[in-house]
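Trainee: This is start.csv (CSV, C-alpha atoms).
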```
chain,number,residue,atom,x,y,z
A,5,MET,CA,12.5,-28.8,11.0
A,6,ARG,CA,15.0,-25.8,11.2
A,7,LYS,CA,12.1,-23.4,11.3
A,8,LEU,CA,10.3,-25.4,14.1
A,9,PHE,CA,13.3,-25.4,16.4
A,10,MET,CA,14.1,-21.7,15.7
A,11,THR,CA,10.5,-20.8,16.5
A,12,ILE,CA,10.6,-22.7,19.8
A,13,ALA,CA,13.9,-21.1,20.8
A,14,ILE,CA,12.7,-17.6,20.1
A,15,MET,CA,9.4,-18.0,21.9
A,16,SER,CA,11.2,-19.4,24.9
A,17,VAL,CA,13.7,-16.6,25.1
A,18,PHE,CA,11.2,-13.8,24.6
A,19,GLY,CA,8.1,-15.3,26.1
A,20,CYS,CA,8.1,-12.9,29.1
A,21,SER,CA,8.8,-9.7,27.1
A,22,ASP,CA,6.5,-6.7,27.6
A,23,ALA,CA,5.6,-4.3,24.9
A,24,ASP,CA,7.0,-0.9,26.0
A,25,GLU,CA,7.8,1.5,23.1
A,26,TRP,CA,5.6,1.8,20.0
A,27,GLY,CA,6.4,3.8,16.9
A,28,GLU,CA,8.6,4.2,13.8
A,29,HIS,CA,11.8,5.2,15.5
A,30,ILE,CA,12.0,3.1,18.7
A,31,ASP,CA,15.2,1.6,20.1
A,32,GLY,CA,16.7,-0.8,17.7
A,33,VAL,CA,15.4,0.6,14.5
A,34,ILE,CA,18.2,1.7,12.2
A,35,ASP,CA,17.5,5.1,10.6
A,36,ARG,CA,21.0,6.0,9.3
A,37,ILE,CA,23.9,4.2,7.9
A,38,HIS,CA,27.5,4.5,9.1
A,39,VAL,CA,29.5,6.8,6.9
A,40,GLU,CA,32.6,9.0,7.3
A,41,GLN,CA,31.6,12.6,7.8
A,42,SER,CA,34.2,13.9,5.3
A,43,GLY,CA,34.2,13.2,1.6
A,44,ALA,CA,31.3,12.6,-0.8
A,45,LYS,CA,27.7,12.7,0.3
A,46,ILE,CA,26.4,9.1,0.7
A,47,ILE,CA,22.7,8.3,0.5
A,48,ALA,CA,20.9,5.0,1.1
A,49,LEU,CA,17.8,4.9,-1.0
A,50,THR,CA,15.1,2.3,0.1
A,51,LEU,CA,11.9,1.6,-1.7
A,52,ASP,CA,8.9,-0.4,-0.4
A,53,ILE,CA,6.9,-2.6,-2.7
A,54,CYS,CA,3.9,-3.4,-0.6
A,55,GLY,CA,1.8,-5.6,-2.9
A,56,SER,CA,-1.5,-4.0,-2.2
A,57,ASN,CA,-4.7,-4.7,-4.3
A,58,LYS,CA,-4.9,-1.2,-5.5
A,59,GLY,CA,-3.6,-0.6,-9.1
A,60,PRO,CA,-0.5,-2.0,-10.9
A,61,GLY,CA,2.0,-3.9,-8.9
A,62,ILE,CA,5.1,-1.7,-9.6
A,63,ASP,CA,6.3,1.5,-11.1
A,64,LYS,CA,8.3,-0.1,-14.0
A,65,GLU,CA,9.5,3.3,-15.3
A,66,LEU,CA,11.0,4.2,-12.0
A,67,ALA,CA,12.7,0.8,-11.7
A,68,GLN,CA,14.1,1.2,-15.2
A,69,TYR,CA,15.4,4.7,-14.5
A,70,LEU,CA,17.2,3.5,-11.4
A,71,HIS,CA,18.7,0.5,-13.2
A,72,ASP,CA,19.7,2.5,-16.3
A,73,ASN,CA,21.4,5.2,-14.2
A,74,LYS,CA,23.2,2.6,-12.0
A,75,ILE,CA,21.5,3.9,-8.8
A,76,LYS,CA,21.7,1.4,-6.0
A,77,ALA,CA,18.6,1.0,-4.0
A,78,THR,CA,17.5,-1.4,-1.3
A,79,LEU,CA,14.0,-2.8,-2.1
A,80,PHE,CA,11.8,-4.1,0.7
A,81,ILE,CA,9.4,-6.4,-1.0
A,82,ASN,CA,6.2,-7.9,0.4
A,83,LYS,CA,5.3,-11.5,-0.4
A,84,ARG,CA,1.9,-10.5,-1.8
A,85,PHE,CA,3.7,-8.6,-4.6
A,86,ILE,CA,5.9,-11.6,-5.3
A,87,ASP,CA,3.0,-14.0,-5.5
A,88,LYS,CA,1.0,-11.7,-7.9
A,89,ASN,CA,4.0,-10.5,-10.0
A,90,PRO,CA,6.7,-13.3,-10.1
A,91,ASP,CA,8.2,-12.2,-13.4
A,92,ASP,CA,8.5,-8.6,-12.3
A,93,PHE,CA,10.0,-9.7,-9.0
A,94,LEU,CA,12.6,-11.8,-10.8
A,95,ALA,CA,13.5,-8.9,-13.1
A,96,LEU,CA,14.1,-6.7,-10.0
A,97,ALA,CA,16.2,-9.4,-8.3
A,98,ALA,CA,18.3,-9.8,-11.5
A,99,SER,CA,19.5,-6.2,-11.4
A,100,GLU,CA,22.9,-5.7,-9.7
A,101,TYR,CA,21.6,-2.2,-8.6
A,102,PHE,CA,18.8,-3.6,-6.4
A,103,ASP,CA,19.2,-5.4,-3.1
A,104,ILE,CA,16.1,-7.4,-2.2
A,105,GLN,CA,15.1,-7.4,1.4
A,106,ASN,CA,12.1,-8.6,3.5
A,107,HIS,CA,8.9,-6.5,3.8
A,108,GLY,CA,6.8,-9.3,5.3
A,109,THR,CA,3.8,-11.3,4.1
A,110,GLN,CA,0.6,-9.6,5.1
A,111,HIS,CA,2.1,-6.1,5.3
A,112,ARG,CA,1.1,-5.5,8.9
A,113,PRO,CA,2.8,-3.5,11.7
A,114,ALA,CA,5.2,-5.3,14.0
A,115,SER,CA,3.0,-5.7,17.1
A,116,ILE,CA,2.2,-8.9,18.9
A,117,THR,CA,-0.4,-7.2,21.1
A,118,GLY,CA,-2.8,-6.1,18.2
A,119,ARG,CA,-1.7,-2.5,18.0
A,120,SER,CA,-2.7,-0.7,14.8
A,121,ALA,CA,-0.9,1.8,12.5
A,122,TRP,CA,-2.4,3.7,9.6
A,123,GLY,CA,-5.6,1.6,10.1
A,124,ILE,CA,-3.8,-1.7,9.8
A,125,ARG,CA,-3.9,-4.1,12.7
A,126,GLY,CA,-0.8,-5.8,14.0
A,127,PHE,CA,-0.6,-9.4,15.2
A,128,ASP,CA,-2.0,-11.1,18.3
A,129,SER,CA,0.8,-13.5,19.0
A,130,LYS,CA,4.6,-14.1,18.6
A,131,GLN,CA,4.0,-16.9,16.2
A,132,GLU,CA,2.0,-14.7,13.8
A,133,LEU,CA,4.8,-12.2,13.7
A,134,ILE,CA,7.4,-15.0,13.1
A,135,ASP,CA,5.3,-16.4,10.2
A,136,GLU,CA,4.9,-12.9,8.8
A,137,ILE,CA,8.7,-12.7,8.4
A,138,GLN,CA,9.7,-16.2,7.7
A,139,ASP,CA,7.0,-16.9,5.0
A,140,ALA,CA,8.3,-13.9,3.0
A,141,GLU,CA,11.9,-15.0,3.6
A,142,ASN,CA,11.2,-18.5,2.4
A,143,ARG,CA,9.5,-17.2,-0.8
A,144,ILE,CA,12.4,-14.9,-1.6
A,145,TYR,CA,14.9,-17.6,-1.0
A,146,GLU,CA,12.9,-20.1,-3.1
A,147,MET,CA,12.9,-17.7,-6.1
A,148,THR,CA,16.4,-16.2,-5.8
A,149,GLY,CA,18.6,-18.5,-3.7
A,150,ARG,CA,19.5,-15.6,-1.5
A,151,ARG,CA,18.7,-15.0,2.1
A,152,THR,CA,17.4,-11.6,3.4
A,153,THR,CA,19.0,-10.0,6.5
A,154,LEU,CA,17.1,-6.7,6.7
A,155,TYR,CA,13.4,-6.3,7.6
A,156,ARG,CA,10.9,-3.4,7.5
A,157,SER,CA,7.4,-4.1,8.7
A,158,GLY,CA,4.3,-3.0,7.0
A,159,THR,CA,3.6,0.6,8.0
A,160,ALA,CA,7.2,0.7,9.5
A,161,PHE,CA,5.7,0.6,13.1
A,162,TYR,CA,7.2,-1.5,15.8
A,163,GLU,CA,6.8,-2.3,19.5
A,164,THR,CA,9.6,-3.4,21.9
A,165,ALA,CA,8.5,-7.0,22.3
A,166,ALA,CA,8.2,-7.5,18.5
A,167,MET,CA,11.7,-6.0,18.0
A,168,LYS,CA,13.2,-8.6,20.2
A,169,ILE,CA,11.6,-11.4,18.2
A,170,ILE,CA,12.8,-9.9,14.9
A,171,HIS,CA,16.3,-9.5,16.2
A,172,GLY,CA,16.1,-13.1,17.5
A,173,LEU,CA,15.4,-14.2,13.9
A,174,GLY,CA,18.7,-12.6,12.9
A,175,TYR,CA,17.3,-9.5,11.2
A,176,LYS,CA,18.3,-5.9,11.5
A,177,VAL,CA,15.3,-3.6,11.4
A,178,ILE,CA,15.6,-0.7,8.9
A,179,GLY,CA,13.7,2.5,9.4
A,180,PHE,CA,14.4,5.8,7.8
A,181,ALA,CA,15.7,9.3,8.5
A,182,VAL,CA,13.9,10.9,5.6
A,183,ASN,CA,10.3,10.0,4.6
A,184,GLY,CA,10.3,10.9,0.9
A,185,ASP,CA,6.7,10.4,-0.1
A,186,HIS,CA,4.6,9.7,3.1
A,187,GLY,CA,3.0,6.5,1.7
A,188,ALA,CA,3.1,7.7,-1.9
A,189,SER,CA,0.7,10.5,-1.0
A,190,ASP,CA,2.9,13.5,-1.7
A,191,SER,CA,3.1,15.4,-5.0
A,192,ALA,CA,6.2,15.2,-7.2
A,193,ASP,CA,7.3,18.7,-6.0
A,194,THR,CA,6.9,17.7,-2.4
A,195,VAL,CA,8.8,14.5,-2.9
A,196,GLU,CA,11.7,16.4,-4.4
A,197,GLN,CA,11.6,18.9,-1.6
A,198,ASN,CA,11.6,16.1,1.0
A,199,LEU,CA,14.6,14.4,-0.5
A,200,ALA,CA,16.5,17.7,-0.9
A,201,GLY,CA,16.9,17.9,2.8
A,202,ALA,CA,18.7,14.5,3.1
A,203,LYS,CA,22.1,14.4,4.8
A,204,SER,CA,25.0,12.1,4.2
A,205,GLY,CA,24.2,8.8,5.9
A,206,ASP,CA,20.5,9.2,5.8
A,207,ILE,CA,18.3,6.2,4.9
A,208,ILE,CA,15.4,7.4,2.7
A,209,ILE,CA,12.1,5.7,2.3
A,210,ASN,CA,9.9,5.9,-0.8
A,211,HIS,CA,7.5,3.5,-2.6
A,212,MET,CA,7.7,1.8,-5.9
A,213,ASN,CA,4.2,0.4,-6.1
A,214,HIS,CA,2.3,3.6,-6.9
A,215,PRO,CA,3.1,4.5,-10.5
A,216,ALA,CA,0.2,7.0,-10.7
A,217,SER,CA,1.6,9.0,-7.8
A,218,GLY,CA,4.2,11.8,-7.7
A,219,VAL,CA,6.9,9.5,-6.4
A,220,ARG,CA,8.7,8.8,-9.7
A,221,ASP,CA,9.0,12.4,-11.0
A,222,GLY,CA,10.0,13.7,-7.6
A,223,MET,CA,12.6,11.0,-7.1
A,224,ILE,CA,14.1,11.4,-10.5
A,225,ALA,CA,14.3,15.2,-10.1
A,226,ALA,CA,16.1,14.8,-6.8
A,227,ILE,CA,18.4,12.1,-8.0
A,228,ASP,CA,19.4,14.0,-11.2
A,229,LYS,CA,20.4,16.9,-9.0
A,230,TRP,CA,22.3,14.6,-6.6
A,231,LYS,CA,24.2,13.0,-9.5
A,232,SER,CA,25.4,16.4,-10.6
A,233,GLU,CA,26.7,17.0,-7.1
A,234,GLY,CA,28.6,13.7,-7.0
A,235,VAL,CA,26.3,12.0,-4.4
A,236,GLN,CA,27.0,8.3,-4.0
A,237,PHE,CA,24.1,5.8,-3.7
A,238,VAL,CA,24.8,2.7,-1.6
A,239,PHE,CA,23.0,-0.5,-0.3
A,240,VAL,CA,22.0,-0.3,3.4
A,241,LYS,CA,23.6,-3.7,4.1
A,242,ASP,CA,27.0,-2.5,3.2
A,243,TYR,CA,27.1,0.4,5.6
A,244,LEU,CA,25.9,-1.0,8.9
A,245,GLN,CA,28.1,-1.2,11.9
```
What do you get writing this file as structure tokens?
Mentor:
Amino acid sequence: MRKLFMTIAIMSVFGCSDADEWGEHIDGVIDRIHVEQSGAKIIALTLDICGSNKGPGIDKELAQYLHDNKIKATLFINKRFIDKNPDDFLALAASEYFDIQNHGTQHRPASITGRSAWGIRGFDSKQELIDEIQDAENRIYEMTGRRTTLYRSGTAFYETAAMKIIHGLGYKVIGFAVNGDHGASDSADTVEQNLAGAKSGDIIINHMNHPASGVRDGMIAAIDKWKSEGVQFVFVKDYLQ
């Protein structure tokens, strides 16, 4: 019943919204965390786990490295991954160094007018977008007893009308200042180079569901260097205004 009343309220408030902006970095998308400009360099690592049908569900070696080295990372996890890999999901959720957040159900861009990004079509209605977010939220809560507060859509694309609906559900939308792997398509050397340019306060996006890619080796090389420089790794949720 709570979901029904919330849905009705959201559709009533935002029923007349028009879709204006469209992209990865539109108004309301948070690309950086709030940090003091003096002191240690602070980085917010985020990793998407998209749950696609291609290959293994997760890079377990990368997950183990982050856990063993006490590297905090915010994981945006899609419901498809949870459904296919419940034990792996629970192992991630059990780590104190991983903060589990919402990456939707069908992994589609946040459009309610059918816009597409990276060849993936968005939604055709407000209710479809609401279901995309709430179905994933409910599954995560069912398995962990914890609520999510941050959302990243599939493809990380958004339109203005969709943003209002997401915010109406109580979520902050998390983008990125540094794209570390461009959909896990970059080589290890390129991933390392991409991350090397990160500044204090940047949110970084990488992927944890492509173990055959160069993501793991590139991330580990960058993180090992950062550790030697005293960089701090934090959860996004702890550094939002």
Trainee: Figure out the distance between atom CA of Gly32 of chain A and atom CA of Lys168 of chain A, please, to one decimal in Å.
Mentor: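 Computed distance, atom CA of Lys168 of chain A to atom CA of Gly32 of chain A, equals 8.9 Å.
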Trainee: For each of A:Asp206, A:Asp221, A:His171, A:Tyr243, take the minimum atom-to-atom distance to Ala192 of chain A, counting only C-alpha atoms, then give the residue where this is smallest.
Mentor: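 Of A:Asp206, A:Asp221, A:His171, A:Tyr243, the one nearest Ala192 of chain A, counting only C-alpha atoms, is A:Asp221.
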Trainee: One decimal, Å: what's the distance from atom CA of Lys130 of chain A over to atom CA of Ile169 of chain A, could you say?
Mentor: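 Between these atoms lies a distance of 7.5 Å.
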Trainee: Which value, in Å to one decimal, gives the distance between atom CA of Thr117 of chain A and atom CA of His29 of chain A?
Mentor: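 Between atom CA of Thr117 of chain A and atom CA of His29 of chain A the gap is 18.3 Å.
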Trainee: Name the closest residue to Asn210 of chain A among the candidates A:Asp135, A:Asp31, A:Asp52, A:Asp193; distances are taken between atoms, counting only C-alpha atoms.
Mentor: A:Asp52
Trainee: Using all atoms listed in the file - which residues lie no farther than 12 Å from the point (6.2, -14.5, -2.0) in the file's frame? Write them as a ChimeraX atom specification.
Mentor: /A:53-55,81-91,93-94,105-111,136-148
Trainee: Compile the contact shell of Trp26 of chain A as a list in words: residues with an atom at most 12 Å away, counting only C-alpha atoms, same-chain residues fewer than 5 positions apart removed.
Mentor: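 Here the qualifying residues turn out to be Asp31, Gly32, Val33, Pro113, Ala114, Ser115, Ile116, Thr117, Gly118, Arg119, Ser120, Ala121, Gly126, Ala160, Phe161, Tyr162, Glu163, Thr164, Ala165, Ala166 and Met167 of chain A.
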Trainee: Select, from A:Val235, A:Val240, A:Ile209, A:Leu70, the residue with the minimum atom-to-atom distance to Lys176 of chain A, counting all atoms listed in the file.
Mentor: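 Ranking A:Val235, A:Val240, A:Ile209, A:Leu70 by distance to Lys176 of chain A, first place goes to A:Val240.
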Trainee: Hey, what's within 6 Å of Ala77 of chain A if we count all atoms listed in the file and toss same-chain stuff fewer than 4 positions away? As a list in words, please?
Mentor: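 Skipping anything fewer than 4 positions along the chain leaves Leu49, Thr50, Phe102 and Phe239 of chain A.
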Trainee: Next, the residues of the selection above should be written as an mmCIF file, keeping the file's coordinate frame with C-alpha atoms.
Mentor:
```
data_model
loop_
_atom_site.group_PDB
_atom_site.id
_atom_site.type_symbol
_atom_site.label_atom_id
_atom_site.label_comp_id
_atom_site.auth_asym_id
_atom_site.auth_seq_id
_atom_site.Cartn_x
_atom_site.Cartn_y
_atom_site.Cartn_z
ATOM 1 C CA LEU A 49 17.800 4.900 -1.000
ATOM 2 C CA THR A 50 15.100 2.300 0.100
ATOM 3 C CA PHE A 102 18.800 -3.600 -6.400
ATOM 4 C CA PHE A 239 23.000 -0.500 -0.300
#
```
Trainee: For each of A:Gly184, A:Gly158, A:Gly218, A:Gly149, take the minimum atom-to-atom distance to Gly201 of chain A, counting all atoms listed in the file, then give the residue where this is smallest.
Mentor: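 Once distances to Gly201 of chain A are computed over all atoms listed in the file, the minimum belongs to A:Gly184.
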Trainee: Env of Asp103 of chain A: 10 Å cut, atoms = all atoms listed in the file, seq-sep filter 4 positions within chain, self excluded. Answer as a PyMOL selection string.
Mentor: chain A and resi 50+76-80+96-99+152+238-241
Trainee: Between A:Thr194, A:Ser232, A:Asn183, A:Thr159, which is the closest to Ile207 of chain A once you count only C-alpha atoms?
Mentor: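 Closest residue, counting only C-alpha atoms: A:Asn183.
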